[in-house]
Structures are given as C-alpha cells and as structure tokens.
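model_13.tsv, holding TSV, C-alpha atoms:
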chain	number	residue	atom	x	y	z
Y	258	MET	CA	-61.83	154.88	-177.36
Y	259	ARG	CA	-65.41	155.25	-176.12
Y	260	LEU	CA	-68.01	156.09	-178.76
Y	261	GLN	CA	-69.03	159.26	-176.94
Y	262	VAL	CA	-65.43	160.48	-176.90
Y	263	PHE	CA	-64.94	159.52	-180.55
Y	264	LEU	CA	-68.01	161.50	-181.60
Y	265	SER	CA	-67.08	164.61	-179.63
Y	266	HIS	CA	-63.53	164.46	-181.00
Y	267	TYR	CA	-64.35	164.08	-184.69
Y	268	THR	CA	-67.53	166.18	-184.90
Y	269	SER	CA	-68.66	169.56	-183.58
Y	270	LEU	CA	-70.79	167.87	-180.90
Y	271	SER	CA	-69.99	168.34	-177.23
Y	272	ARG	CA	-69.61	165.26	-175.04
Y	273	ARG	CA	-73.05	165.85	-173.53
Y	274	LYS	CA	-74.66	166.23	-176.96
Y	275	SER	CA	-72.76	163.18	-178.21
Y	276	MET	CA	-74.23	161.12	-175.40
Y	277	GLU	CA	-77.73	162.37	-176.24
Y	278	VAL	CA	-77.58	161.51	-179.96
Y	279	ILE	CA	-76.12	158.08	-179.19
Y	280	GLN	CA	-78.91	157.31	-176.73
Y	281	LYS	CA	-81.48	158.47	-179.32
Y	282	GLY	CA	-80.19	155.84	-181.75
Y	283	LEU	CA	-78.75	158.31	-184.24
Y	284	VAL	CA	-75.27	156.76	-184.29
Y	285	ARG	CA	-74.16	153.58	-186.04
Y	286	VAL	CA	-70.92	151.64	-185.76
Y	287	ASN	CA	-70.28	149.34	-188.71
Y	288	GLN	CA	-73.93	149.75	-189.79
Y	289	GLN	CA	-75.22	148.74	-186.35
Y	290	VAL	CA	-77.17	151.21	-184.18
Y	291	ILE	CA	-75.37	151.73	-180.87
Y	292	ILE	CA	-77.13	153.39	-177.92
Y	293	GLU	CA	-74.42	152.87	-175.31
Y	294	PRO	CA	-72.07	155.93	-175.05
Y	295	SER	CA	-69.26	153.80	-173.58
Y	296	PHE	CA	-69.27	151.38	-176.52
Y	297	PRO	CA	-65.61	150.78	-177.53
Y	298	VAL	CA	-64.55	152.10	-180.94
Y	299	ASP	CA	-61.29	151.59	-182.82
Y	300	PRO	CA	-60.83	154.72	-184.98
Y	301	LYS	CA	-58.53	152.83	-187.35
Y	302	LYS	CA	-60.95	149.98	-188.05
Y	303	ASP	CA	-64.55	150.94	-187.24
Y	304	LYS	CA	-66.87	152.94	-189.49
Y	305	VAL	CA	-69.00	155.41	-187.55
Y	306	SER	CA	-71.96	157.37	-188.89
Y	307	TYR	CA	-74.14	160.02	-187.28
Y	308	ASP	CA	-77.59	160.86	-188.64
Y	309	ASN	CA	-76.82	158.66	-191.67
Y	310	GLN	CA	-73.66	160.64	-192.48
Y	311	PRO	CA	-70.17	159.09	-192.12
Y	312	VAL	CA	-67.94	160.63	-189.47
Y	313	GLU	CA	-64.70	161.50	-191.25
Y	314	MET	CA	-61.44	161.48	-189.35
Y	315	SER	CA	-58.96	164.24	-190.08
Y	316	ALA	CA	-55.66	163.33	-191.71
Y	317	TYR	CA	-54.09	165.88	-189.39
Y	318	GLN	CA	-52.96	165.15	-185.86
Y	319	TYR	CA	-53.04	167.56	-182.93
Y	320	ILE	CA	-51.31	166.66	-179.67
Y	321	LEU	CA	-50.99	168.44	-176.32
Y	322	LEU	CA	-48.05	167.11	-174.29
Y	323	ASN	CA	-46.93	167.87	-170.75
Y	324	LYS	CA	-43.19	167.93	-171.42
Y	325	PRO	CA	-40.86	166.97	-168.57
Y	326	ALA	CA	-37.48	168.60	-168.10
Y	327	GLY	CA	-34.59	166.75	-169.72
Y	328	TYR	CA	-36.28	166.19	-173.08
Y	329	THR	CA	-35.35	168.16	-176.18
Y	330	THR	CA	-38.09	169.34	-178.52
Y	331	THR	CA	-36.23	168.93	-181.80
Y	332	LYS	CA	-35.61	165.51	-183.33
Y	333	GLN	CA	-32.72	166.85	-185.42
Y	334	ASP	CA	-30.40	167.10	-182.41
Y	335	ARG	CA	-28.18	164.05	-182.80
Y	336	TYR	CA	-26.64	164.66	-179.38
Y	337	ALA	CA	-29.97	164.56	-177.55
Y	338	LEU	CA	-30.33	161.59	-175.23
Y	339	LYS	CA	-34.10	162.03	-174.93
Y	340	THR	CA	-36.60	163.86	-177.13
Y	341	VAL	CA	-40.31	164.55	-176.69
Y	342	TYR	CA	-40.95	162.03	-179.47
Y	343	ASP	CA	-39.83	159.29	-177.09
Y	344	LEU	CA	-43.01	160.06	-175.12
Y	345	LEU	CA	-45.32	159.73	-178.13
Y	346	PRO	CA	-46.46	156.85	-180.37
Y	347	ASP	CA	-44.37	156.15	-183.47
Y	348	GLU	CA	-47.05	157.64	-185.75
Y	349	CYS	CA	-46.50	161.02	-184.06
Y	350	ARG	CA	-42.84	161.30	-185.01
Y	351	LYS	CA	-43.63	163.48	-188.03
Y	352	LEU	CA	-45.43	166.10	-185.95
Y	353	ALA	CA	-43.83	169.51	-185.51
Y	354	PRO	CA	-43.95	171.59	-182.32
Y	355	ALA	CA	-45.92	174.83	-182.20
Y	356	GLY	CA	-43.08	176.71	-180.54
Y	357	ARG	CA	-40.26	174.88	-178.82
Y	358	LEU	CA	-39.49	174.45	-175.15
Y	359	ASP	CA	-35.81	174.19	-174.30
Y	360	LYS	CA	-34.46	171.05	-172.64
Y	361	ASP	CA	-34.73	172.38	-169.09
Y	362	THR	CA	-38.25	173.81	-169.46
Y	363	GLU	CA	-41.36	171.84	-168.55
Y	364	GLY	CA	-45.00	172.10	-169.45
Y	365	LEU	CA	-47.44	172.53	-172.30
Y	366	LEU	CA	-46.25	171.66	-175.79
Y	367	ILE	CA	-48.54	171.51	-178.84
Y	368	LEU	CA	-47.49	169.30	-181.78
Y	369	SER	CA	-49.20	168.91	-185.13
Y	370	ASN	CA	-48.70	168.20	-188.83
Y	371	ASP	CA	-51.12	171.01	-189.72
Y	372	GLY	CA	-48.96	173.90	-190.90
Y	373	ASP	CA	-51.74	176.50	-190.79
Y	374	PHE	CA	-52.61	175.56	-187.22
Y	375	ILE	CA	-48.99	175.91	-186.11
Y	376	TYR	CA	-48.76	179.23	-187.96
Y	377	TYR	CA	-51.75	180.63	-186.08
Y	378	LEU	CA	-50.22	179.59	-182.76
Y	379	THR	CA	-46.70	180.85	-183.37
Y	380	HIS	CA	-46.71	183.92	-185.62
Y	381	PRO	CA	-46.38	187.13	-183.55
Y	382	LYS	CA	-49.08	188.93	-185.56
Y	383	PHE	CA	-51.74	186.71	-183.96
Y	384	ASN	CA	-50.64	187.89	-180.51
Y	385	VAL	CA	-50.96	184.45	-178.91
Y	386	GLU	CA	-50.63	184.61	-175.15
Y	387	LYS	CA	-48.23	182.17	-173.47
Y	388	ARG	CA	-48.20	181.99	-169.67
Y	389	TYR	CA	-45.33	180.52	-167.68
Y	390	PHE	CA	-44.52	179.84	-164.05
Y	391	ALA	CA	-40.92	180.76	-163.29
Y	392	CYS	CA	-38.53	180.78	-160.34
Y	393	ILE	CA	-35.54	183.11	-160.48
Y	394	ASP	CA	-32.64	183.43	-158.08
Y	395	GLY	CA	-32.75	186.59	-156.02
Y	396	GLU	CA	-35.34	189.27	-155.35
Y	397	LEU	CA	-36.99	190.84	-158.38
Y	398	ASP	CA	-37.00	194.62	-158.04
Y	399	LYS	CA	-39.78	196.84	-159.37
Y	400	GLU	CA	-37.54	198.60	-161.90
Y	401	THR	CA	-36.40	195.36	-163.53
Y	402	GLN	CA	-39.98	194.14	-163.63
Y	403	ARG	CA	-41.09	197.39	-165.29
Y	404	LYS	CA	-38.36	197.17	-167.93
Y	405	ILE	CA	-39.17	193.57	-168.84
Y	406	GLU	CA	-42.88	194.34	-168.99
Y	407	THR	CA	-42.28	197.36	-171.22
Y	408	GLY	CA	-39.91	195.54	-173.55
Y	409	ILE	CA	-36.13	195.21	-173.71
Y	410	ILE	CA	-33.57	194.78	-176.47
Y	411	LEU	CA	-32.49	191.18	-177.04
Y	412	GLU	CA	-30.06	190.46	-179.86
Y	413	GLY	CA	-30.82	193.83	-181.41
Y	414	ILE	CA	-34.62	193.46	-181.39
Y	415	LYS	CA	-37.04	194.80	-178.79
Y	416	THR	CA	-39.26	192.25	-177.11
Y	417	TYR	CA	-43.03	192.60	-177.09
Y	418	PRO	CA	-44.57	193.88	-173.83
Y	419	ALA	CA	-44.89	191.20	-171.14
Y	420	THR	CA	-46.91	190.85	-167.96
Y	421	ILE	CA	-45.36	189.71	-164.68
Y	422	LYS	CA	-47.26	188.67	-161.56
Y	423	VAL	CA	-45.03	188.15	-158.53
Y	424	ILE	CA	-46.32	185.27	-156.42
Y	425	ARG	CA	-43.63	185.14	-153.76
Y	426	THR	CA	-40.38	187.02	-153.37
Y	427	GLY	CA	-37.39	187.04	-151.08
Y	428	LYS	CA	-33.67	187.72	-151.13
Y	429	LYS	CA	-32.83	184.24	-152.41
Y	430	GLN	CA	-35.69	183.52	-154.82
Y	431	THR	CA	-38.71	185.01	-156.59
Y	432	ASP	CA	-41.62	182.91	-157.84
Y	433	LEU	CA	-43.69	184.53	-160.57
Y	434	GLU	CA	-45.97	184.11	-163.54
Y	435	ILE	CA	-45.00	185.79	-166.79
Y	436	ILE	CA	-47.05	186.21	-169.97
Y	437	ILE	CA	-45.35	186.77	-173.31
Y	438	HIS	CA	-46.69	187.00	-176.87
Y	439	GLU	CA	-43.74	185.78	-178.92
Y	440	GLY	CA	-41.51	182.74	-178.85
Y	441	ARG	CA	-37.87	183.54	-179.33
Y	442	LYS	CA	-35.35	180.88	-178.38
Y	443	ARG	CA	-34.81	180.85	-174.59
Y	444	GLN	CA	-36.53	184.23	-174.45
Y	445	ILE	CA	-37.61	184.26	-170.80
Y	446	ARG	CA	-34.23	183.04	-169.61
Y	447	MET	CA	-32.48	185.69	-171.71
Y	448	MET	CA	-34.74	188.50	-170.50
Y	449	PHE	CA	-33.94	187.82	-166.87
Y	450	ALA	CA	-30.27	187.09	-167.61
Y	451	LYS	CA	-29.97	190.63	-169.00
Y	452	PHE	CA	-30.54	191.83	-165.42
Y	453	HIS	CA	-28.28	189.15	-163.89
Y	454	PHE	CA	-31.06	186.83	-162.76
Y	455	LYS	CA	-30.93	183.10	-163.42
Y	456	VAL	CA	-34.13	181.22	-164.16
Y	457	ILE	CA	-33.89	178.11	-162.01
Y	458	TYR	CA	-37.28	176.65	-162.94
Y	459	LEU	CA	-39.60	177.30	-165.88
Y	460	LYS	CA	-42.91	175.72	-166.84
Y	461	ARG	CA	-45.35	176.69	-169.59
Y	462	LEU	CA	-48.94	176.64	-168.35
Y	463	THR	CA	-50.95	177.94	-171.31
Y	464	GLN	CA	-50.65	178.71	-175.02
Y	465	GLY	CA	-53.56	180.58	-176.55
Y	466	PRO	CA	-56.76	178.75	-175.55
Y	467	PHE	CA	-54.92	175.61	-174.45
Y	468	LEU	CA	-54.40	174.84	-170.77
Y	469	LEU	CA	-52.03	172.31	-169.27
Y	470	GLY	CA	-54.60	171.54	-166.58
Y	471	ASN	CA	-54.20	168.29	-164.65
Y	472	LEU	CA	-52.41	166.41	-167.42
Y	473	LYS	CA	-49.66	164.34	-165.80
Y	474	GLN	CA	-46.04	165.04	-166.64
Y	475	GLY	CA	-44.93	162.98	-169.61
Y	476	SER	CA	-48.53	162.35	-170.67
Y	477	TRP	CA	-50.32	163.62	-173.75
Y	478	ARG	CA	-53.81	163.93	-175.18
Y	479	GLU	CA	-55.34	164.68	-178.55
Y	480	LEU	CA	-56.99	168.05	-179.03
Y	481	SER	CA	-60.74	167.97	-179.56
Y	482	LEU	CA	-62.26	169.13	-182.83
Y	483	GLU	CA	-63.83	172.05	-180.99
Y	484	GLU	CA	-60.41	173.15	-179.66
Y	485	ILE	CA	-58.94	172.97	-183.15
Y	486	ARG	CA	-61.82	174.88	-184.71
Y	487	ARG	CA	-61.54	177.59	-182.07
Y	488	VAL	CA	-57.99	178.31	-183.19
Y	489	LYS	CA	-58.69	178.19	-186.91
Y	490	SER	CA	-61.93	180.20	-186.87
Y	491	LEU	CA	-60.71	182.98	-184.62
Y	492	LYS	CA	-57.08	182.83	-185.74
Y	493	ILE	CA	-56.39	183.89	-182.16
Y	494	LYS	CA	-56.96	187.58	-182.71

Kindly transcribe the structure held in the file into structure tokens.
Amino acid sequence: MRLQVFLSHYTSLSRRKSMEVIQKGLVRVNQQVIIEPSFPVDPKKDKVSYDNQPVEMSAYQYILLNKPAGYTTTKQDRYALKTVYDLLPDECRKLAPAGRLDKDTEGLLILSNDGDFIYYLTHPKFNVEKRYFACIDGELDKETQRKIETGIILEGIKTYPATIKVIRTGKKQTDLEIIIHEGRKRQIRMMFAKFHFKVIYLKRLTQGPFLLGNLKQGSWRELSLEEIRRVKSLKIK
C-alpha cells in the first residue's frame, strides 16, 4: 500500500492533503521521515506517525465487493458451491454482510465486523436508499408501476414506497432502475412477481453513500475512513 493511500485511509485526511503533509516532512515510517507519497507501507508491520502522533489502525474491517451472480452471501449455506467469501482474503471470513444479495443478484455488497455500522446501513428507520438496475420480462404498465411505488402487501406487510425509472420498455422486456429503502429477502423479485413479472437480471448499484462505480466484478476494496465516518456521523438520516 502506498503511504499516501495508507494515510488517507486511516486518518481524516484526503488523498490530496495526505500528499501535502508527506511532502512537508510531517510523516514518519518506522521513525524515518518519508517525503515520497508512493513510498510502500505494510500496514501489518510498519509504524506510521503523522505530526508526531501514531496513526492507529482500526480493529474493524469495512469491505465493498462487486458480487458476481452465482455466489451466495451467507457462509452458513452448506449446499452453496460458491460464496462471496471465496472472493475475499481469509481474514475477511468473519465479516457480515450489510444486507444480503441473493445468489442470482449482482453488484454492491458491503461487509464488516462493525455491528453499529451494519445497523445504520440496514435498519429501516435510517431510510437508507438502495438503487438497483433490473430487467423484467414483458412490458411494465403504468398501473403496476404506480402500485409498486406506492407500496404493496408482501407476506402480510406493506412495503415502503419505491421509485421506478423506466429506461427502456417493450413487449418482451423492460429495463429499469428501482430505489427501495428496506431489504427484505428477495424483495424486488417478489414485488414484480406479485404482478406476474419475472426479474431476469438484477444488480445493486448503490447503498446509502456507497457507489459501485467502476469496480470490476469479483473485485473488492476497503472503505476509506472518510466513507465510514460519513455513515456513523450522519447515521444516514
């Protein structure tokens, strides 16, 4: 890991500010002043200090994964051939998902061992927005769209209001984006199934402030300290 990246990840400094303080000689690695932002750092071995204060690494882990289809999210499923933990280092196997994606769904998945962080992202009272791209078989009519957006009864409980943006529609298929604020099991698939539509493709694009962006399928990255603080300080209200 580059020193600039290390500093921006484990402090409140931006990458630009991290580069500035490194070049000013305010950062030491193993007691040695380093002025090169690209200097390699091993977080497990090296001791880094900024302005004569040690940079402490969090005991918590926060991962953003671009989940491919075909991988289950739970590690308790003994029948699963592949789980998302197969895509992560061994030290990440104790992380829990902040809302599951079913086996056939792709996209953004947050994992952490920070219970409060997961709580903020998943509890309905925080009204966390989750945006998906979906393809359904058939042409979505305005009345069905209105009912789903208003809220429908699933398993005896009314869903929260949703937002649907139709991207392309035709007799055989409709491509759309849908935003929901809760995370029931297979919720989007069940909402459309209630009106006899089958979801043939589903991908989560965002969850709260987190964006999938250009992260390659099957790849993952650690969340920055600033991203983590944004969730905890605002509690996504």

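Here atom CA of Gln474 of chain Y and atom CA of Tyr319 of chain Y stand 17.9 Å from one another.
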
Legend entry - For Gly372 of chain Y: contacts at 12 Å, only C-alpha atoms, fewer than 6 positions along chain excluded, given as a ChimeraX atom specification: /Y:317-319,352-355,378-380,489

Using C-alpha atoms, can you export the residues from the last selection as a short mmCIF file (atom, residue, chain, number, x, y, z; two decimals), in the coordinates of the input?
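Wrote it out as part_26.cif, contents follow:
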data_model
loop_
_atom_site.label_atom_id
_atom_site.label_comp_id
_atom_site.auth_asym_id
_atom_site.auth_seq_id
_atom_site.Cartn_x
_atom_site.Cartn_y
_atom_site.Cartn_z
CA TYR Y 317 -54.09 165.88 -189.39
CA GLN Y 318 -52.96 165.15 -185.86
CA TYR Y 319 -53.04 167.56 -182.93
CA LEU Y 352 -45.43 166.10 -185.95
CA ALA Y 353 -43.83 169.51 -185.51
CA PRO Y 354 -43.95 171.59 -182.32
CA ALA Y 355 -45.92 174.83 -182.20
CA LEU Y 378 -50.22 179.59 -182.76
CA THR Y 379 -46.70 180.85 -183.37
CA HIS Y 380 -46.71 183.92 -185.62
CA LYS Y 489 -58.69 178.19 -186.91
#

Legend entry - From Y:Thr463, Y:Gln444, Y:Thr431, Y:Thr330, residue lying nearest Tyr389 of chain Y [only C-alpha atoms]: Y:Thr463

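Rounded to one decimal, atom CA of Ile421 of chain Y and atom CA of Ile435 of chain Y lie 4.5 Å from each other.
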
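Shortest atom-to-atom contact with Arg487 of chain Y among Y:Gly356, Y:Gly470, Y:Pro300, Y:Gly465: Y:Gly465, counting all atoms listed in the file.
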
Inset, instruction - Mind listing whatever residues come within 10 Å of the point (-65.9, 166.9, -183.5)? Use only C-alpha atoms, file coordinates, and give them as an MDAnalysis selection string. - result: chainID Y and resid 262:272 275 312:315 481:486

Would you kindly return, as a short mmCIF file (atom, residue, chain, number, x, y, z; two decimals) with C-alpha atoms, keeping the file's coordinate frame, each protein, DNA or RNA residue with an atom no farther than 8 Å from any atom of Phe452 of chain Y, considering only C-alpha atoms and excluding same-chain residues fewer than 3 positions away?
data_model
loop_
_atom_site.label_atom_id
_atom_site.label_comp_id
_atom_site.auth_asym_id
_atom_site.auth_seq_id
_atom_site.Cartn_x
_atom_site.Cartn_y
_atom_site.Cartn_z
CA THR Y 401 -36.40 195.36 -163.53
CA MET Y 448 -34.74 188.50 -170.50
CA PHE Y 449 -33.94 187.82 -166.87
#

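For the pair atom CA of Val298 of chain Y and atom CA of Met276 of chain Y, the separation is 14.3 Å.
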
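When all atoms listed in the file are used to measure the gap to Asn384 of chain Y, the shortest distance among Y:Glu348, Y:Ile405, Y:Lys339, Y:Gly440 belongs to Y:Gly440.
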
Legend entry - Nearby residues (all atoms listed in the file) at most 10 Å from Asp343 of chain Y, same-chain spacing under 5 positions excluded, as a ChimeraX atom specification: /Y:328-329,332,338,349-350,475

Export of the given selection (C-alpha atoms) as a compact mmCIF listing (two decimals), in the frame of the given file:
# COMPACT_ATOMS: atom_id res chain seq x y z
CA TYR Y 328 -36.28 166.19 -173.08
CA THR Y 329 -35.35 168.16 -176.18
CA LYS Y 332 -35.61 165.51 -183.33
CA LEU Y 338 -30.33 161.59 -175.23
CA CYS Y 349 -46.50 161.02 -184.06
CA ARG Y 350 -42.84 161.30 -185.01
CA GLY Y 475 -44.93 162.98 -169.61

Legend entry - Nearest candidate to Pro297 of chain Y (options Y:Leu260, Y:Val341, Y:Leu366, Y:Val488; using only C-alpha atoms): Y:Leu260

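Comparing Y:Asp308, Y:Gln289, Y:Leu368, Y:Tyr458 by their smallest distance to Thr331 of chain Y, the closest is Y:Leu368 (using only C-alpha atoms).
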
Show me, as a PDB file with C-alpha atoms, in the frame of the given file, the residues that have an atom within 7 Å of segment 302-306 of chain Y when counting all atoms listed in the file, minus same-chain residues fewer than 5 positions from it.
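Final output, result.pdb:
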ATOM      1  CA  VAL Y 284     -75.270 156.760-184.290  1.00  0.00           C
ATOM      2  CA  ARG Y 285     -74.160 153.580-186.040  1.00  0.00           C
ATOM      3  CA  VAL Y 286     -70.920 151.640-185.760  1.00  0.00           C
ATOM      4  CA  ASN Y 287     -70.280 149.340-188.710  1.00  0.00           C
ATOM      5  CA  PRO Y 311     -70.170 159.090-192.120  1.00  0.00           C
ATOM      6  CA  VAL Y 312     -67.940 160.630-189.470  1.00  0.00           C
TER       7      VAL Y 312
END

I need segment 390-453 of chain Y written out with C-alpha atoms, as a JSON list (two decimals), in the first residue's frame; please produce it.
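Output below, filename out28.json:
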[["chain", "number", "residue", "atom", "x", "y", "z"],
["Y", 390, "PHE", "CA", -30.77, -1.92, -12.20],
["Y", 391, "ALA", "CA", -33.32, -4.56, -13.17],
["Y", 392, "CYS", "CA", -34.61, -6.27, -16.30],
["Y", 393, "ILE", "CA", -38.07, -7.83, -16.19],
["Y", 394, "ASP", "CA", -39.84, -9.93, -18.79],
["Y", 395, "GLY", "CA", -42.66, -8.10, -20.50],
["Y", 396, "GLU", "CA", -43.82, -4.51, -20.68],
["Y", 397, "LEU", "CA", -44.28, -2.70, -17.37],
["Y", 398, "ASP", "CA", -47.62, -0.89, -17.33],
["Y", 399, "LYS", "CA", -48.19, 2.41, -15.55],
["Y", 400, "GLU", "CA", -50.68, 0.96, -13.06],
["Y", 401, "THR", "CA", -48.29, -1.75, -11.87],
["Y", 402, "GLN", "CA", -45.52, 0.81, -11.58],
["Y", 403, "ARG", "CA", -47.78, 3.08, -9.52],
["Y", 404, "LYS", "CA", -48.75, 0.26, -7.15],
["Y", 405, "ILE", "CA", -45.15, -0.81, -6.55],
["Y", 406, "GLU", "CA", -44.07, 2.78, -5.99],
["Y", 407, "THR", "CA", -46.90, 3.38, -3.54],
["Y", 408, "GLY", "CA", -46.31, 0.17, -1.61],
["Y", 409, "ILE", "CA", -47.81, -3.32, -1.82],
["Y", 410, "ILE", "CA", -48.51, -6.11, 0.65],
["Y", 411, "LEU", "CA", -45.83, -8.80, 0.77],
["Y", 412, "GLU", "CA", -46.21, -11.61, 3.28],
["Y", 413, "GLY", "CA", -48.74, -9.57, 5.22],
["Y", 414, "ILE", "CA", -46.63, -6.41, 5.49],
["Y", 415, "LYS", "CA", -46.78, -3.34, 3.26],
["Y", 416, "THR", "CA", -43.56, -2.37, 1.53],
["Y", 417, "TYR", "CA", -42.09, 1.10, 1.87],
["Y", 418, "PRO", "CA", -42.64, 3.44, -1.10],
["Y", 419, "ALA", "CA", -40.26, 2.81, -4.00],
["Y", 420, "THR", "CA", -39.15, 4.82, -7.02],
["Y", 421, "ILE", "CA", -39.03, 3.33, -10.51],
["Y", 422, "LYS", "CA", -37.37, 4.90, -13.54],
["Y", 423, "VAL", "CA", -38.10, 3.08, -16.79],
["Y", 424, "ILE", "CA", -35.06, 3.13, -19.06],
["Y", 425, "ARG", "CA", -36.34, 1.04, -21.95],
["Y", 426, "THR", "CA", -39.55, -0.88, -22.43],
["Y", 427, "GLY", "CA", -41.09, -3.22, -24.95],
["Y", 428, "LYS", "CA", -43.45, -6.17, -25.15],
["Y", 429, "LYS", "CA", -40.72, -8.68, -24.31],
["Y", 430, "GLN", "CA", -38.63, -6.81, -21.74],
["Y", 431, "THR", "CA", -38.43, -3.69, -19.58],
["Y", 432, "ASP", "CA", -35.14, -2.27, -18.30],
["Y", 433, "LEU", "CA", -35.46, -0.03, -15.26],
["Y", 434, "GLU", "CA", -33.87, 1.40, -12.15],
["Y", 435, "ILE", "CA", -35.65, 0.93, -8.84],
["Y", 436, "ILE", "CA", -34.90, 2.53, -5.48],
["Y", 437, "ILE", "CA", -36.04, 0.88, -2.25],
["Y", 438, "HIS", "CA", -35.44, 1.73, 1.41],
["Y", 439, "GLU", "CA", -35.67, -1.67, 3.06],
["Y", 440, "GLY", "CA", -34.05, -5.03, 2.50],
["Y", 441, "ARG", "CA", -36.46, -7.91, 2.74],
["Y", 442, "LYS", "CA", -35.36, -11.24, 1.32],
["Y", 443, "ARG", "CA", -35.76, -11.26, -2.49],
["Y", 444, "GLN", "CA", -37.93, -8.16, -2.14],
["Y", 445, "ILE", "CA", -37.61, -6.76, -5.67],
["Y", 446, "ARG", "CA", -38.20, -10.14, -7.26],
["Y", 447, "MET", "CA", -41.25, -10.70, -5.07],
["Y", 448, "MET", "CA", -42.72, -7.26, -5.79],
["Y", 449, "PHE", "CA", -42.67, -7.83, -9.53],
["Y", 450, "ALA", "CA", -43.74, -11.48, -9.18],
["Y", 451, "LYS", "CA", -46.92, -10.27, -7.48],
["Y", 452, "PHE", "CA", -47.87, -8.77, -10.86],
["Y", 453, "HIS", "CA", -46.66, -11.80, -12.84]]
